[in-house]
Amino acid sequence: RQRTLKGFSRKYTEEDIRLLAQTDEMHGNLSGPAIKKICERAWKIFGETKY
């Protein structure tokens, strides 16, 4: 059987995951679409480059 050694490639970095968890906790564990909107707003309106 053929196997891949690395498995699946990662889309998000450890820092991305940490930032998402922190944002989720700060806003009271909202739904995914709500957190997405918060991150988009922080980036577009306030220029938060980490998002």
# chains A, B, ... in the order shown; residues from 1 in each chain; ligands from 1
>>> select_by_dssp(residues="chain A", states="alpha helix (DSSP H)", output="ChimeraX atom specification")
/A:14-26,32-44
>>> residues_around(residues="Ile35 (chain A)", least_positions_apart="3", cutoff="12 Å", atoms="only C-alpha atoms", output="list in words")
Leu19, Leu20, Ala21, Gln22, Thr23, Asp24, Glu25, Met26, His27, Gly28, Asn29, Leu30, Ser31, Gly32, Ile38, Cys39, Glu40, Arg41, Ala42 and Tyr51 of chain A
>>> write_last_selection(atoms="N, CA and C atoms", output="compact mmCIF listing (two decimals), in the first residue's frame")
# COMPACT_ATOMS: atom_id res chain seq x y z
N LEU A 19 -4.57 32.78 17.42
CA LEU A 19 -5.29 34.05 17.26
C LEU A 19 -6.79 33.81 17.16
N LEU A 20 -7.19 32.80 16.41
CA LEU A 20 -8.61 32.47 16.29
C LEU A 20 -9.21 32.07 17.64
N ALA A 21 -8.49 31.24 18.39
CA ALA A 21 -8.98 30.82 19.71
C ALA A 21 -9.08 32.01 20.65
N GLN A 22 -8.09 32.90 20.61
CA GLN A 22 -8.10 34.10 21.46
C GLN A 22 -9.28 35.00 21.11
N THR A 23 -9.52 35.21 19.83
CA THR A 23 -10.63 36.05 19.38
C THR A 23 -11.96 35.44 19.78
N ASP A 24 -12.07 34.14 19.62
CA ASP A 24 -13.29 33.42 19.99
C ASP A 24 -13.57 33.56 21.49
N GLU A 25 -12.53 33.42 22.29
CA GLU A 25 -12.70 33.54 23.75
C GLU A 25 -13.06 34.96 24.17
N MET A 26 -12.45 35.95 23.53
CA MET A 26 -12.73 37.36 23.87
C MET A 26 -14.17 37.74 23.59
N HIS A 27 -14.76 37.11 22.59
CA HIS A 27 -16.12 37.47 22.18
C HIS A 27 -17.17 36.47 22.63
N GLY A 28 -16.83 35.60 23.56
CA GLY A 28 -17.82 34.71 24.16
C GLY A 28 -18.21 33.51 23.31
N ASN A 29 -17.25 32.94 22.58
CA ASN A 29 -17.50 31.72 21.81
C ASN A 29 -18.67 31.84 20.85
N LEU A 30 -18.61 32.83 19.98
CA LEU A 30 -19.65 33.04 18.98
C LEU A 30 -19.56 31.98 17.89
N SER A 31 -20.51 32.00 16.97
CA SER A 31 -20.50 31.06 15.85
C SER A 31 -19.36 31.39 14.89
N GLY A 32 -19.01 30.45 14.05
CA GLY A 32 -17.95 30.63 13.07
C GLY A 32 -18.16 31.84 12.17
N ILE A 38 -16.05 39.41 12.48
CA ILE A 38 -15.24 40.21 13.40
C ILE A 38 -13.82 40.35 12.85
N CYS A 39 -13.25 39.25 12.37
CA CYS A 39 -11.89 39.29 11.82
C CYS A 39 -11.83 40.13 10.55
N GLU A 40 -12.82 39.98 9.68
CA GLU A 40 -12.86 40.78 8.46
C GLU A 40 -12.97 42.27 8.78
N ARG A 41 -13.80 42.60 9.74
CA ARG A 41 -13.99 44.00 10.13
C ARG A 41 -12.71 44.58 10.74
N ALA A 42 -12.06 43.79 11.59
CA ALA A 42 -10.81 44.24 12.20
C ALA A 42 -9.75 44.52 11.13
N TYR A 51 -4.95 39.77 11.08
CA TYR A 51 -6.10 39.03 10.57
C TYR A 51 -5.97 38.89 9.07
>>> atom_distance(atom1="CA of Phe8 (chain A)", atom2="CA of Pro33 (chain A)")
24.8 Å
>>> atom_distance(atom1="CA of Arg10 (chain A)", atom2="CA of Ala34 (chain A)")
23.3 Å
>>> atom_distance(atom1="CA of Asp16 (chain A)", atom2="CA of Lys50 (chain A)")
8.5 Å
>>> decode(residues="chain A", atoms="C-alpha atoms", output="compact mmCIF listing (two decimals), in the first residue's frame")
# COMPACT_ATOMS: atom_id res chain seq x y z
CA ARG A 1 0.00 0.00 0.00
CA GLN A 2 1.12 3.48 -0.82
CA ARG A 3 1.26 5.90 2.11
CA THR A 4 2.11 9.53 2.42
CA LEU A 5 4.70 10.37 5.00
CA LYS A 6 3.59 13.88 5.83
CA GLY A 7 -0.17 13.37 5.78
CA PHE A 8 -2.32 16.36 4.91
CA SER A 9 -0.82 19.77 4.31
CA ARG A 10 -1.73 22.47 6.82
CA LYS A 11 -3.69 25.52 5.76
CA TYR A 12 -3.28 27.51 8.99
CA THR A 13 -0.22 28.15 11.13
CA GLU A 14 -0.03 27.64 14.88
CA GLU A 15 -0.22 31.43 15.27
CA ASP A 16 -3.40 31.55 13.14
CA ILE A 17 -5.02 28.93 15.36
CA ARG A 18 -3.92 30.71 18.53
CA LEU A 19 -5.29 34.05 17.26
CA LEU A 20 -8.61 32.47 16.29
CA ALA A 21 -8.98 30.82 19.71
CA GLN A 22 -8.10 34.10 21.46
CA THR A 23 -10.63 36.05 19.38
CA ASP A 24 -13.29 33.42 19.99
CA GLU A 25 -12.70 33.54 23.75
CA MET A 26 -12.73 37.36 23.87
CA HIS A 27 -16.12 37.47 22.18
CA GLY A 28 -17.82 34.71 24.16
CA ASN A 29 -17.50 31.72 21.81
CA LEU A 30 -19.65 33.04 18.98
CA SER A 31 -20.50 31.06 15.85
CA GLY A 32 -17.95 30.63 13.07
CA PRO A 33 -19.60 33.15 10.72
CA ALA A 34 -19.72 35.77 13.50
CA ILE A 35 -16.01 35.34 14.28
CA LYS A 36 -15.24 35.53 10.55
CA LYS A 37 -17.11 38.85 10.36
CA ILE A 38 -15.24 40.21 13.40
CA CYS A 39 -11.89 39.29 11.82
CA GLU A 40 -12.86 40.78 8.46
CA ARG A 41 -13.99 44.00 10.13
CA ALA A 42 -10.81 44.24 12.20
CA TRP A 43 -8.77 43.88 9.03
CA LYS A 44 -10.78 46.10 6.66
CA ILE A 45 -11.83 48.93 8.98
CA PHE A 46 -9.13 49.00 11.64
CA GLY A 47 -6.19 47.75 9.57
CA GLU A 48 -5.33 44.87 11.89
CA THR A 49 -2.76 43.07 9.76
CA LYS A 50 -2.69 39.98 11.98
CA TYR A 51 -6.10 39.03 10.57
